[in-house]
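J.: You'll find data.txt just under this line, and it carries compact mmCIF, C-alpha atoms and all ligand atoms.
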```
# COMPACT_ATOMS: atom_id res chain seq x y z
CA MET A 1021 -27.10 45.83 -2.07
CA VAL A 1022 -26.94 44.68 -5.70
CA LYS A 1023 -24.56 41.74 -6.09
CA TRP A 1024 -22.71 40.87 -9.26
CA VAL A 1025 -23.61 37.52 -10.72
CA ILE A 1026 -21.06 36.16 -13.15
CA MET A 1027 -22.07 34.22 -16.29
CA ILE A 1028 -20.86 30.63 -16.13
CA THR A 1029 -21.79 27.24 -17.53
CA VAL A 1030 -22.49 24.36 -15.18
CA ARG A 1031 -21.87 20.95 -16.71
CA VAL A 1032 -20.95 17.39 -15.75
CA GLU A 1033 -17.23 16.81 -15.14
CA ARG A 1034 -15.14 15.31 -17.94
CA ASN A 1035 -11.91 13.32 -17.71
CA GLU A 1036 -9.89 16.33 -18.77
CA ASP A 1037 -11.31 18.38 -15.84
CA ILE A 1038 -9.86 16.16 -13.12
CA GLY A 1039 -6.66 18.16 -12.58
CA ALA A 1040 -8.57 21.45 -12.55
CA ILE A 1041 -11.10 20.08 -10.04
CA HIS A 1042 -8.24 19.06 -7.75
CA LEU A 1043 -6.78 22.57 -8.02
CA VAL A 1044 -10.13 24.30 -7.36
CA ASN A 1045 -10.62 22.29 -4.17
CA ARG A 1046 -7.04 22.79 -3.01
CA MET A 1047 -7.15 26.54 -3.60
CA ALA A 1048 -10.63 27.04 -2.10
CA PHE A 1049 -9.94 25.08 1.09
CA GLY A 1050 -6.27 26.04 1.36
CA GLN A 1051 -5.30 22.40 1.89
CA GLU A 1052 -5.23 19.08 0.07
CA ASP A 1053 -7.81 17.11 2.11
CA GLU A 1054 -10.95 17.97 0.13
CA ALA A 1055 -9.19 17.53 -3.23
CA VAL A 1056 -8.12 14.06 -2.07
CA LEU A 1057 -11.66 13.38 -0.84
CA VAL A 1058 -13.00 14.08 -4.34
CA GLN A 1059 -10.52 11.62 -5.80
CA ARG A 1060 -11.43 8.97 -3.21
CA ILE A 1061 -15.15 9.39 -3.82
CA ARG A 1062 -14.56 9.21 -7.58
CA GLU A 1063 -12.96 5.79 -7.08
CA SER A 1064 -15.73 4.54 -4.76
CA SER A 1065 -19.07 2.81 -5.32
CA GLY A 1066 -20.91 5.93 -4.13
CA PHE A 1067 -19.66 8.03 -7.05
CA ILE A 1068 -22.35 9.17 -9.46
CA PRO A 1069 -20.60 10.62 -12.55
CA ALA A 1070 -23.63 12.69 -13.60
CA LEU A 1071 -23.60 14.47 -10.22
CA SER A 1072 -20.01 15.75 -10.25
CA LEU A 1073 -20.48 19.21 -11.73
CA VAL A 1074 -18.09 21.95 -12.73
CA ALA A 1075 -18.62 25.68 -13.16
CA VAL A 1076 -16.84 26.84 -16.31
CA LYS A 1077 -15.94 30.44 -17.10
CA ASP A 1078 -14.21 31.15 -20.44
CA SER A 1079 -13.23 27.46 -20.77
CA ARG A 1080 -11.70 27.45 -17.28
CA VAL A 1081 -13.00 25.32 -14.40
CA VAL A 1082 -13.62 27.81 -11.57
CA GLY A 1083 -15.91 25.79 -9.32
CA HIS A 1084 -16.95 22.24 -8.48
CA ILE A 1085 -19.71 20.47 -6.58
CA LEU A 1086 -20.04 16.77 -5.85
CA PHE A 1087 -23.07 14.74 -4.82
CA SER A 1088 -22.42 11.09 -3.95
CA GLN A 1089 -24.39 8.24 -2.46
CA ILE A 1090 -24.43 7.63 1.28
CA HIS A 1091 -27.01 5.99 3.56
CA ILE A 1092 -29.36 6.70 6.40
CA VAL A 1093 -29.66 3.65 8.62
CA THR A 1094 -33.05 3.43 10.30
CA PRO A 1095 -34.35 0.67 12.60
CA LYS A 1096 -36.20 -0.76 9.58
CA GLU A 1097 -33.95 -0.24 6.56
CA ASP A 1098 -30.96 1.41 4.90
CA VAL A 1099 -32.07 4.37 2.80
CA ALA A 1100 -29.81 5.54 -0.04
CA VAL A 1101 -29.52 9.33 -0.02
CA LEU A 1102 -27.07 11.89 -1.39
CA SER A 1103 -24.24 13.70 0.32
CA LEU A 1104 -23.31 17.17 -0.95
CA ALA A 1105 -19.54 17.29 -0.39
CA PRO A 1106 -17.33 18.93 -1.14
CA MET A 1107 -18.08 22.11 -3.03
CA ALA A 1108 -15.53 24.75 -3.89
CA VAL A 1109 -15.08 27.93 -5.90
CA LEU A 1110 -11.65 29.41 -6.71
CA PRO A 1111 -10.95 32.22 -4.22
CA GLU A 1112 -10.79 34.95 -6.86
CA PHE A 1113 -14.24 33.90 -8.16
CA GLN A 1114 -16.02 33.65 -4.78
CA ASN A 1115 -19.00 35.85 -3.87
CA LEU A 1116 -20.06 36.16 -7.51
CA GLY A 1117 -22.94 33.72 -7.34
CA ILE A 1118 -21.05 30.74 -8.76
CA GLY A 1119 -21.54 28.59 -5.67
CA SER A 1120 -25.26 29.34 -5.71
CA GLN A 1121 -25.53 28.34 -9.37
CA LEU A 1122 -23.67 25.10 -8.61
CA VAL A 1123 -25.99 24.25 -5.71
CA ASN A 1124 -29.21 25.17 -7.53
CA THR A 1125 -28.27 23.36 -10.75
CA GLY A 1126 -26.93 20.44 -8.73
CA LEU A 1127 -30.10 20.03 -6.67
CA GLU A 1128 -32.17 20.22 -9.86
CA LYS A 1129 -30.07 17.46 -11.45
CA CYS A 1130 -30.40 15.37 -8.28
CA ARG A 1131 -34.18 15.79 -8.44
CA GLU A 1132 -34.32 14.99 -12.17
CA SER A 1133 -32.41 11.77 -11.59
CA GLY A 1134 -34.91 10.63 -8.98
CA HIS A 1135 -33.10 11.49 -5.75
CA THR A 1136 -35.18 12.99 -2.97
CA ILE A 1137 -32.87 13.58 0.03
CA VAL A 1138 -29.53 15.46 0.20
CA VAL A 1139 -27.42 15.76 3.36
CA VAL A 1140 -24.68 18.33 3.91
CA ILE A 1141 -22.29 19.21 6.72
CA GLY A 1142 -21.36 22.81 6.06
CA HIS A 1143 -21.77 26.51 6.64
CA PRO A 1144 -25.08 27.03 8.45
CA GLN A 1145 -25.39 30.57 7.03
CA TYR A 1146 -25.03 29.34 3.46
CA TYR A 1147 -27.09 26.21 2.77
CA PRO A 1148 -30.51 27.18 4.25
CA ARG A 1149 -31.08 29.55 1.30
CA PHE A 1150 -31.23 26.47 -0.95
CA GLY A 1151 -33.77 24.64 1.20
CA PHE A 1152 -31.51 22.89 3.71
CA VAL A 1153 -32.78 22.66 7.30
CA PRO A 1154 -31.14 21.32 10.47
CA ALA A 1155 -31.03 17.53 10.10
CA GLY A 1156 -31.33 16.93 13.84
CA LYS A 1157 -34.79 18.47 13.78
CA LYS A 1158 -35.76 15.89 11.14
CA GLY A 1159 -34.71 12.99 13.37
CA LEU A 1160 -31.27 12.39 11.84
CA ASP A 1161 -27.98 11.99 13.67
CA LEU A 1162 -24.32 11.19 12.99
CA LEU A 1163 -21.73 8.83 14.44
CA PHE A 1164 -19.39 11.77 15.04
CA SER A 1165 -19.77 15.20 16.52
CA VAL A 1166 -20.30 18.40 14.52
CA PRO A 1167 -22.05 21.63 15.53
CA ALA A 1168 -25.78 20.85 15.32
CA GLU A 1169 -26.51 23.73 12.95
CA ALA A 1170 -23.85 22.56 10.46
CA PHE A 1171 -25.59 19.20 9.89
CA MET A 1172 -28.37 19.86 7.38
CA VAL A 1173 -30.71 18.05 5.05
CA CYS A 1174 -32.76 19.05 2.01
CA GLU A 1175 -35.92 17.30 0.88
CA LEU A 1176 -36.18 17.46 -2.92
CA LEU A 1177 -39.78 16.25 -2.76
CA PRO A 1178 -42.16 17.41 -0.04
CA ASN A 1179 -42.11 15.06 2.94
CA ALA A 1180 -39.36 12.88 1.46
CA LEU A 1181 -38.10 12.25 4.99
CA ASP A 1182 -41.46 11.10 6.37
CA GLY A 1183 -40.89 7.84 8.23
CA ILE A 1184 -37.11 8.10 7.86
CA GLU A 1185 -35.36 8.73 11.17
CA GLY A 1186 -31.91 7.36 11.84
CA THR A 1187 -28.18 7.72 11.49
CA VAL A 1188 -26.46 9.20 8.47
CA ILE A 1189 -23.51 6.96 7.61
CA TYR A 1190 -20.62 8.46 5.67
CA PRO A 1191 -18.43 5.85 3.96
CA PRO A 1192 -14.73 5.47 4.86
CA GLU A 1193 -13.61 7.76 2.00
CA PHE A 1194 -14.81 10.67 4.13
CA ALA A 1195 -12.91 9.69 7.28
CA GLU A 1196 -9.98 12.05 6.94
CA ALA A 1197 -12.03 15.01 5.71
CA MET A 1198 -14.52 14.98 8.61
C1 LIG A 1201 -18.63 28.31 0.12
C2 LIG A 1201 -18.36 28.62 -1.35
C3 LIG A 1201 -18.43 27.34 -2.16
C4 LIG A 1201 -19.44 29.57 -1.84
O1 LIG A 1201 -19.23 29.84 -3.20
P1 LIG A 1201 -19.46 31.31 -3.77
O2 LIG A 1201 -19.41 31.25 -5.24
O3 LIG A 1201 -18.54 32.25 -3.08
O4 LIG A 1201 -20.95 31.56 -3.27
P2 LIG A 1201 -22.02 32.60 -3.77
O5 LIG A 1201 -21.35 33.74 -4.45
O6 LIG A 1201 -23.10 31.89 -4.47
O7 LIG A 1201 -22.62 33.05 -2.39
C5 LIG A 1201 -21.88 33.92 -1.58
C6 LIG A 1201 -22.42 33.80 -0.18
O8 LIG A 1201 -21.76 32.70 0.45
C7 LIG A 1201 -21.34 33.13 1.72
N1 LIG A 1201 -20.16 32.38 2.13
C8 LIG A 1201 -19.00 32.19 1.46
N2 LIG A 1201 -18.15 31.51 2.23
C9 LIG A 1201 -18.78 31.28 3.40
C10 LIG A 1201 -18.39 30.66 4.60
N3 LIG A 1201 -17.16 30.16 4.77
N4 LIG A 1201 -19.31 30.60 5.60
C11 LIG A 1201 -20.53 31.11 5.44
N5 LIG A 1201 -20.94 31.74 4.33
C12 LIG A 1201 -20.06 31.82 3.33
C13 LIG A 1201 -20.97 34.58 1.49
O9 LIG A 1201 -20.94 35.26 2.72
C14 LIG A 1201 -22.14 35.05 0.63
O10 LIG A 1201 -23.26 35.29 1.46
P3 LIG A 1201 -24.37 36.40 1.05
O11 LIG A 1201 -24.94 35.97 -0.27
O12 LIG A 1201 -25.34 36.33 2.17
O13 LIG A 1201 -23.62 37.69 0.94
C15 LIG A 1201 -17.00 29.29 -1.56
O14 LIG A 1201 -16.94 30.44 -0.76
C16 LIG A 1201 -15.82 28.40 -1.23
O15 LIG A 1201 -15.31 27.68 -2.08
N6 LIG A 1201 -15.34 28.47 0.03
C17 LIG A 1201 -14.19 27.67 0.47
C18 LIG A 1201 -14.52 26.21 0.50
C19 LIG A 1201 -15.75 25.92 1.33
O16 LIG A 1201 -15.90 26.43 2.44
N7 LIG A 1201 -16.63 25.06 0.76
C20 LIG A 1201 -17.91 24.74 1.37
C21 LIG A 1201 -17.75 23.73 2.44
S1 LIG A 1201 -19.30 23.57 3.33
```
Once more with this new file: its structure as structure tokens, please.
T.:
Amino acid sequence: MVKWVIMITVRVERNEDIGAIHLVNRMAFGQEDEAVLVQRIRESSGFIPALSLVAVKDSRVVGHILFSQIHIVTPKEDVAVLSLAPMAVLPEFQNLGIGSQLVNTGLEKCRESGHTIVVVIGHPQYYPRFGFVPAGKKGLDLLFSVPAEAFMVCELLPNALDGIEGTVIYPPEFAEAM
């Protein structure tokens, strides 16, 4: 089946986008939690301004994706990695390829800025198409329980996870959204 792919621009968030980003998350998830999570991450030390991206259609913010810093704790060291969370597309713009453009552009920007590992907890039918694989199979675990297939990781460089096995630690900002 041929799918429509809508023309959008993906760019870094600006101050004037903050209200629209809140709305996109609230509308997409049908609740406030993820919109509040974005705000909390934005105020935290893990926030990376260059990795909060918006999808813009005709000057309107219709989608958002956020990558922020978290850690994998191994027996030897703490490894800084990225969390992909949350991502959202306005309901009336879903299934038009916007989410895919946000993930692909986002992962490219992560790679360009030197990051090599991205963790996500999300739809197991969605993220594998972008290179995410089950994190448990790579020797990673969590301090809380989620369905195994929903906990995924993407290596932005081949073998980036070699020698890194341990626990993915989400900072307190995430507590209420998990
Ligand atoms: C998930 C989301 C960001 C995808 O954005 P999008 O612009 O609709 O995505 P695309 O058009 O690039 O891709 C559409 C694909 O995503 C799949 N998809 C959408 N929502 C999904 C869900 N809840 N579970 C699994 N797959 C989903 C569609 O089935 C479609 O699959 P196909 O290509 O095999 O037909 C968007 O649907 C959304 O905002 N959902 C609500 C919030 C959410 O669940 N965020 C992600 C948290 S992990």
J.: Rank A:Ile1184, A:Ile1038, A:Leu1104, A:Leu1116 by their smallest atom-to-atom distance to Met1172 (chain A), using all atoms listed in the file, and report the top residue only.
T.: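 The shortest atom-to-atom distance to Met1172 (chain A) comes from A:Leu1104.
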J.: May I ask you to write as a ChimeraX atom specification all residues lying at most 8 Å from ligand LIG 1201 (chain A), with only C-alpha atoms and all ligand atoms counted?
T.: /A:1025,1045,1048-1049,1083,1105-1111,1113-1122,1140-1146
J.: For each of A:Ala1075, A:Val1081, A:Ile1090, A:Leu1176, take the minimum atom-to-atom distance to Ile1061 (chain A), counting all atoms listed in the file, then give the residue where this is smallest.
T.: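 Ranked by minimum distance to Ile1061 (chain A), first place goes to A:Ile1090.
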J.: Could you jot down the CA of Thr1125 (chain A) to CA of Glu1054 (chain A) separation for me, Å, one decimal place?
T.: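 Between CA of Thr1125 (chain A) and CA of Glu1054 (chain A) the gap works out to 21.2 Å.
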J.: Would you mind reading off the distance between CA of Ser1064 (chain A) and CA of Ser1103 (chain A), one decimal, in Å?
T.: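 One can read the CA of Ser1064 (chain A) to CA of Ser1103 (chain A) distance as 13.5 Å.
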J.: Excluding same-chain residues fewer than 2 positions from Ser1133 (chain A), what lies within 12 Å of it counting all atoms listed in the file, as a list in words?
T.: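 The contact residues come out as Ile1068, Pro1069, Ala1070, Leu1071, Phe1087, Leu1102, Gly1126, Leu1127, Glu1128, Lys1129, Cys1130, Arg1131, His1135, Thr1136, Ile1137 and Leu1176 of chain A.
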J.: Could you check how far CA of Thr1029 (chain A) sits from CA of Arg1080 (chain A), in Å to one decimal?
T.: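 Computing it gives 10.1 Å between the two atoms.
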J.: Kindly extract all protein, DNA and RNA residues lying within 7 Å of the coordinates (-33.9, 7.5, 10.8) given in the file, considering only C-alpha atoms, and supply them as a VMD selection string.
T.: chain A and resid 1092 to 1094 1159 to 1160 1184 to 1187
J.: Rank A:Met1047, A:His1091, A:Ser1072, A:Arg1062 by their smallest atom-to-atom distance to Pro1191 (chain A), using all atoms listed in the file, and report the top residue only.
T.: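 Of A:Met1047, A:His1091, A:Ser1072, A:Arg1062, the one nearest Pro1191 (chain A) is A:His1091, counting all atoms listed in the file.
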J.: Looking at only C-alpha atoms, which of A:Met1027, A:Gln1051, A:Met1198, A:His1084 is the one that sits closest to Gly1039 (chain A)?
T.: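 That would be A:His1084, the residue with the smallest distance to Gly1039 (chain A).
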J.: Residues at most 9 Å from Gly1156 (chain A), counting only C-alpha atoms, excluding those fewer than 2 positions away in the same chain, as a list of chain:residue names?
T.: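 Close residues of Gly1156 (chain A): A:Val1153, A:Pro1154, A:Lys1158, A:Gly1159, A:Leu1160, A:Asp1161, A:Ala1168, A:Glu1169, A:Phe1171, A:Met1172, A:Val1173.
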